[in-house]
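Undergrad: Please see the structure below; I have some questions.
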Amino acid sequence: EDKTPVTDADTVSNAFLTDGLQRLTPHIPLIAEESPELPYEIRKLWTFCWLLDPLDGTREFLNRNGEFTINLALICDGTPHWGIIYQPVTGECWYGGAEEGSFHRNAYGDVTRLKKALHYSNLKSIKVLTSRSHINEHTSTFIKSLEDQGKFIEPLPCGSALKFCRLAEAKAHLYPRTGRTMEWDTAGLS
């Protein structure tokens, strides 16, 4: 309906993950990108819910560049409480929550605590993440305004929620996004 691609992988991943979450936590309702939308009148009464994007970055999946993820967040009273972003191709995941902080687990199981990066306004050289699929005129204008301020911009094209992971790892400083974003795109890295 919104002209975004949906593949068999989206629907199979959605069915597998929603079934597993419902078995593990039958008392917690679930909102998933590929599931039917529930009316707000019902959702507003929930204290907890799962928020799932079973395949974020379908265009990257179709392009076979490996930059797609699975995003899952536990929402409590309308706020992300815990989240995880998993990259199936590499076996890496980024997870955390408001109380315990954020972590990265590599494919070998090594876990690193992520630290807060410097704000880009304090830097002369800025690594700017750009979407592989959603860059628009407003974003380009914003990046140009940084250059006009004397900043050196190093563009880093990246797909899916991996952009948030690169920010959390301090491998990039900024991801300007002026286009449409959905809850399941951003809730995974709480």
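Simple scheme: letters A, B, ... for chains in structure tokens order, numbers from 1 for residues in each chain, numbers from 1 for ligands in the order shown.
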Quick one: residues within 12 Å of Thr4 in chain A, only C-alpha atoms counted, chain neighbours fewer than 5 positions away excluded, as a list in words?
TA: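 What passes the distance filter is Asp10, Glu33, Glu34, Asp56, Gly57, Thr58, Arg59, Leu62, Ser133 and His134 of chain A.
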Undergrad: Give me, as a tab-separated table, each residue of range 49-137 of chain A that comes within 10 Å of range 160-167 of chain A, together with its shortest interatomic pair and the distance in Å at one decimal, counting only C-alpha atoms, with rows ordered by chain and rising residue number.
TA:
```
residue	atom	partner	partner_atom	distance
A:Leu55	CA	A:Ser160	CA	9.0
A:Asp56	CA	A:Ser160	CA	5.6
A:Gly57	CA	A:Ser160	CA	4.4
A:Thr58	CA	A:Ser160	CA	8.2
A:Arg59	CA	A:Ser160	CA	8.8
A:Glu60	CA	A:Ser160	CA	7.5
A:Phe61	CA	A:Ser160	CA	9.6
A:Gly66	CA	A:Ser160	CA	9.9
A:Glu67	CA	A:Ser160	CA	6.3
A:Phe68	CA	A:Ser160	CA	5.5
A:Thr69	CA	A:Ser160	CA	6.6
A:Ile70	CA	A:Ala161	CA	8.5
A:Asn71	CA	A:Ala161	CA	7.7
A:Ile85	CA	A:Ala161	CA	7.3
A:Tyr86	CA	A:Leu162	CA	8.9
A:Gln87	CA	A:Leu162	CA	8.0
A:Cys93	CA	A:Cys165	CA	8.8
A:Trp94	CA	A:Cys165	CA	6.6
A:Tyr95	CA	A:Cys165	CA	9.3
A:Ser102	CA	A:Cys165	CA	10.0
A:Phe103	CA	A:Cys165	CA	9.8
A:His104	CA	A:Cys165	CA	8.5
A:Leu114	CA	A:Cys165	CA	9.9
A:Lys116	CA	A:Leu167	CA	9.1
A:Ala117	CA	A:Leu167	CA	7.9
A:Lys127	CA	A:Leu167	CA	9.7
A:Val128	CA	A:Leu167	CA	9.5
A:Leu129	CA	A:Lys163	CA	6.5
A:Thr130	CA	A:Lys163	CA	8.2
A:Ser131	CA	A:Ser160	CA	7.8
A:Arg132	CA	A:Ser160	CA	8.4
A:Ser133	CA	A:Ser160	CA	8.9
```
Undergrad: Could you pull out the residues in range 15-188 of chain A that DSSP calls strand (DSSP E) from the backbone, as a PyMOL selection string?
TA: chain A and resi 30-32+48-56+69-76+79-87+92-97+101-105+111-113+125-131+152-158
Undergrad: Determine the nearest neighbour of Lys44 in chain A from the options A:Asn14, A:Gly78, A:Ile143, A:Asn122, counting only C-alpha atoms.
TA: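 Looking only at the distances to Lys44 in chain A, the closest residue turns out to be A:Gly78.
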Undergrad: May I ask which of the residues A:Asp19, A:Glu183, A:Asp77, A:Glu99 is the closest one to Trp46 in chain A, counting only C-alpha atoms?
TA: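 With only C-alpha atoms as the atom set, the closest residue is A:Asp77.
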Undergrad: With only C-alpha atoms as the basis for distance, which of A:Leu17, A:Ala107, A:Met182, A:Ala9 is at the shortest distance from Gly91 in chain A?
TA: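 Of all the options, A:Ala107 lies closest to Gly91 in chain A.
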Undergrad: Could you tell me which of A:Ala73, A:Asp110, A:Gly179, A:Thr47 comes closest to Gly96 in chain A if we count only C-alpha atoms?
TA: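 Among the listed residues, A:Ala73 lies closest to Gly96 in chain A.
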Undergrad: Could you find all residues in range 66-164 of chain A that DSSP calls helix (DSSP H, G or I) from the backbone, and write them as a list in words?
TA: Tyr120, Ser121, Asn122, Glu137, His138, Thr139, Ser140, Thr141, Phe142, Ile143, Lys144, Ser145, Leu146, Glu147, Asp148, Leu162, Lys163 and Phe164 of chain A
Undergrad: Quote the spacing between CA of Ile126 in chain A and CA of Ala170 in chain A in Å to one decimal place.
TA: 11.2 Å
Undergrad: Just want the 7 Å neighbourhood of Thr178 in chain A, counted on only C-alpha atoms, with same-chain residues fewer than 2 positions away dropped. Output as a list in words.
TA: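 My reading of the contact set: His138, Thr139, Pro176 and Arg180 of chain A.
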